[in-house]
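The next block holds one structure in the form of structure tokens; read it before the comments.
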Amino acid sequence: MIYIGTSGYSFNDWVGTAYPEGIKKSQMLTYYWSRLGFNTVELNFTYYTIPSYRTIVSILRKTPGDFKFSVKLPSQVTHQSWRDGNVDQSAVKSYLGALKPMEDEKRLLTHLAQFPYSFKFSKKGLKYIKQISNTFRPLSIEFRHNSWDRNEVYEFLRDNEITFVVVDEPKLKGLFPYKVLATADMAYFRFHGRNRRWFDSSHDRYDYMYSEEDLKMFSSDIKRIYGDVKDVLVYFNNCHRGQAVKNALKLKELLEI
């Protein structure tokens with residue numbers, strides 16, 4: 001199965017660009033799957049705020065039973081706890097408790113651990129990934145720093161059945177390169193855009209529109225890896241003014257989905 005969607009669905013600047021004028025926030029998810037035709041979404045708000053059980057149930061009820069989710073781990077897990085190696089158990093308990101109905105309905109594709117640029121390769125880092133992989137299953141890992149680009153890491157991910165996240169982002173010094181490979185029975189693509197002002201905090205790093213030529217290349221890579229895995233997950237995170245929606249719809253067309 002190929003799942004294609006965007007990283008999030010509720011953005012004010014999508015109104016008038018990806019969503020119709022006048023749409024309410026409460027209507028966005030329904031429009032996302034019923035009118036735009038997506039079969040998955042990557043929930044990113046869970047990084048900032050651990051959802052309540054009720055919130056997850058509400059999201060499930062607004063989508064059909066075959067609509068699936070990837071969910072980003074809380075910042076306490078990926079941006080804080082790795083520094084001392086001790087996972088915030090309170091955050092873990094709240095997060096997993098909230099996601100239980102999603103797991104019970106078999107609509108959770110994977111947990112996404114997106115580590116920051118400051119998380120650089122080390123034996124301590126590998127140990128921490130192993131630790132959280134025992135808690136969050138299935139687990140997908142996105143690295144931002146290119147020090148993780150080494151065979152030792154890919155073998156580690158394969159041995160522990162952790163999905164490597166293929167990322168496309170600007171070709172800037174230190175950022176992880178675009179590398180298409182699978183380390184588990186799932187392939188995961190995240191397209192962030194190539195805005196070269198990535199490290200400029202005053203600028204929206206996700207303000208970027210992929211060209212049709214870029215999308216044709218991605219389409220070819222997805223087709224190539226599809227035969228080696230059970231599922232392929234594809235999310236566009238270039239969400240500024242609905243650009244992710246336009247690129248995702250075009251990719252679906254190129255893949256004849």
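We name chains A, B, ... following the order of the structure tokens; residues begin at 1 in each chain, and ligands are numbered from 1 as shown.
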
**OP:** From the DSSP assignment of the backbone, select every residue of stretch 152-207 of chain A that is alpha helix (DSSP H), and format the answer as an NGL selection string.
**Re:** :A and (152-159)

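DSSP secondary structure from the backbone places Leu108, Leu109, Thr110, His111, Leu112, Ala113, Gln114, Leu139, Ser140, Ile141, Glu142, Thr163, Phe164, Val165, Val166, Val167, Asp168, Met186, Ala187, Tyr188, Phe189, Arg190 and Phe191 of chain A of stretch 104-199 of chain A in strand (DSSP E).
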
Original post:
Contacts of stretch 174-191 of chain A at 8 Å or less, counting only C-alpha atoms, minus same-chain residues fewer than 4 places along, as number ranges by chain?
Top reply: A: 117, 140, 143-149, 154-155, 157-158, 161-170, 221, 225-226, 228-238

Store the residues of this selection in a file with N, CA and C atoms, as a CSV table (one decimal), in the first residue's frame.
chain,number,residue,atom,x,y,z
A,117,TYR,N,18.8,18.7,14.9
A,117,TYR,CA,20.1,18.9,14.3
A,117,TYR,C,21.2,18.7,15.3
A,140,SER,N,9.7,4.9,13.5
A,140,SER,CA,10.4,5.5,12.4
A,140,SER,C,11.3,6.6,12.9
A,143,PHE,N,16.6,11.6,11.0
A,143,PHE,CA,17.8,12.3,11.5
A,143,PHE,C,18.0,13.6,10.7
A,144,ARG,N,18.4,14.6,11.4
A,144,ARG,CA,18.6,15.9,10.8
A,144,ARG,C,20.1,16.1,10.5
A,145,HIS,N,21.0,15.6,11.4
A,145,HIS,CA,22.4,15.8,11.3
A,145,HIS,C,23.0,14.7,10.5
A,146,ASN,N,23.9,15.1,9.5
A,146,ASN,CA,24.5,14.1,8.6
A,146,ASN,C,25.5,13.1,9.2
A,147,SER,N,25.9,13.3,10.5
A,147,SER,CA,26.8,12.4,11.1
A,147,SER,C,26.2,11.0,11.3
A,148,TRP,N,24.9,10.9,11.1
A,148,TRP,CA,24.2,9.6,11.2
A,148,TRP,C,24.2,8.9,9.9
A,149,ASP,N,24.7,9.5,8.9
A,149,ASP,CA,24.7,8.8,7.5
A,149,ASP,C,25.9,7.9,7.5
A,154,TYR,N,22.6,2.2,9.6
A,154,TYR,CA,21.5,1.5,8.9
A,154,TYR,C,21.4,0.0,9.3
A,155,GLU,N,22.6,-0.6,9.6
A,155,GLU,CA,22.5,-2.0,10.1
A,155,GLU,C,21.9,-2.0,11.4
A,157,LEU,N,19.5,0.0,12.5
A,157,LEU,CA,18.1,0.1,12.3
A,157,LEU,C,17.5,-1.2,11.8
A,158,ARG,N,18.1,-1.8,10.9
A,158,ARG,CA,17.6,-3.1,10.4
A,158,ARG,C,17.5,-4.2,11.5
A,161,GLU,N,14.6,-3.4,13.6
A,161,GLU,CA,13.3,-3.3,12.8
A,161,GLU,C,12.7,-1.9,13.0
A,162,ILE,N,13.6,-0.9,12.8
A,162,ILE,CA,13.2,0.5,12.9
A,162,ILE,C,13.3,1.1,11.5
A,163,THR,N,12.2,1.8,11.2
A,163,THR,CA,12.1,2.4,9.8
A,163,THR,C,13.0,3.7,9.7
A,164,PHE,N,13.8,3.7,8.7
A,164,PHE,CA,14.6,4.9,8.3
A,164,PHE,C,13.8,5.8,7.5
A,165,VAL,N,13.7,7.1,7.9
A,165,VAL,CA,13.0,8.1,7.2
A,165,VAL,C,13.8,8.8,6.2
A,166,VAL,N,13.4,8.6,4.9
A,166,VAL,CA,14.1,9.3,3.8
A,166,VAL,C,13.7,10.8,3.8
A,167,VAL,N,14.6,11.7,3.9
A,167,VAL,CA,14.3,13.1,3.9
A,167,VAL,C,14.8,13.9,2.7
A,168,ASP,N,14.0,14.8,2.2
A,168,ASP,CA,14.5,15.7,1.2
A,168,ASP,C,14.4,17.1,1.9
A,169,GLU,N,15.5,17.8,1.9
A,169,GLU,CA,15.7,19.1,2.5
A,169,GLU,C,16.8,19.8,1.8
A,170,PRO,N,17.1,21.1,2.1
A,170,PRO,CA,18.1,21.8,1.4
A,170,PRO,C,19.5,21.1,1.5
A,221,ASP,N,11.6,7.0,-7.5
A,221,ASP,CA,12.2,6.4,-6.3
A,221,ASP,C,11.2,5.6,-5.5
A,225,ILE,N,11.4,1.5,-4.7
A,225,ILE,CA,11.5,0.9,-3.4
A,225,ILE,C,10.2,0.1,-3.0
A,226,TYR,N,9.1,0.4,-3.7
A,226,TYR,CA,7.9,-0.2,-3.4
A,226,TYR,C,7.9,-1.7,-3.3
A,228,ASP,N,10.2,-3.6,-2.4
A,228,ASP,CA,11.0,-4.2,-1.3
A,228,ASP,C,10.3,-4.1,0.0
A,229,VAL,N,9.2,-3.5,0.1
A,229,VAL,CA,8.6,-3.2,1.4
A,229,VAL,C,7.1,-3.5,1.4
A,230,LYS,N,6.5,-3.6,2.5
A,230,LYS,CA,5.0,-3.8,2.6
A,230,LYS,C,4.2,-2.5,2.3
A,231,ASP,N,4.7,-1.4,2.9
A,231,ASP,CA,4.0,-0.2,2.8
A,231,ASP,C,5.0,1.0,2.5
A,232,VAL,N,4.5,2.0,1.8
A,232,VAL,CA,5.3,3.2,1.6
A,232,VAL,C,4.5,4.4,2.1
A,233,LEU,N,5.1,5.1,3.0
A,233,LEU,CA,4.5,6.3,3.6
A,233,LEU,C,5.1,7.6,3.0
A,234,VAL,N,4.3,8.5,2.5
A,234,VAL,CA,4.9,9.7,1.9
A,234,VAL,C,4.1,10.9,2.5
A,235,TYR,N,4.9,11.9,3.0
A,235,TYR,CA,4.3,13.1,3.6
A,235,TYR,C,5.1,14.3,3.1
A,236,PHE,N,4.3,15.3,2.7
A,236,PHE,CA,4.9,16.6,2.3
A,236,PHE,C,4.8,17.5,3.5
A,237,ASN,N,5.9,18.1,3.9
A,237,ASN,CA,6.0,19.0,5.1
A,237,ASN,C,6.2,20.5,4.6
A,238,ASN,N,6.2,20.7,3.3
A,238,ASN,CA,6.3,22.1,2.8
A,238,ASN,C,5.0,22.8,2.9

**OP:** Would you kindly return, as number ranges by chain, each protein, DNA or RNA residue with an atom no farther than 10 Å from any atom of stretch 211-213 of chain A, considering only C-alpha atoms and excluding same-chain residues fewer than 6 positions away?
**Re:** A: 219, 247, 250-251, 254

Original post:
atom CA of A:Leu96 to atom CA of A:Ser58: how many Å, to one decimal?
Top reply: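 Separation of atom CA of A:Leu96 and atom CA of A:Ser58: 16.2 Å.
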
Original post:
Contacts of A:His79 at 7 Å or less, counting only C-alpha atoms, minus same-chain residues fewer than 3 places along, as a ChimeraX atom specification?
Top reply: /A:75-76,82,115-116

Show me, as a PDB file with C-alpha atoms, in the first residue's frame, the residues that have an atom within 9 Å of A:Thr17 when counting only C-alpha atoms, minus same-chain residues fewer than 6 positions from it.
ATOM      1  CA  ARG A 241       0.226  28.295   1.979  1.00  0.00           C
ATOM      2  CA  GLY A 242      -0.919  24.819   1.004  1.00  0.00           C
ATOM      3  CA  GLN A 243       2.106  23.947  -1.121  1.00  0.00           C
TER       4      GLN A 243
END

Subject >> Between atom CA of A:Lys173 and atom CA of A:Ser118 - distance in Å to one decimal >> reply: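 The value is 13.4 Å.
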
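From atom CA of A:Phe136 back to atom CA of A:Thr46, the distance works out to 14.2 Å.
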
Original post:
So, counting only C-alpha atoms, which residue among A:Thr63, A:Val77, A:Lys171, A:Ser220 is closest to A:Arg196?
Top reply: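 Closest residue, counting only C-alpha atoms: A:Lys171.
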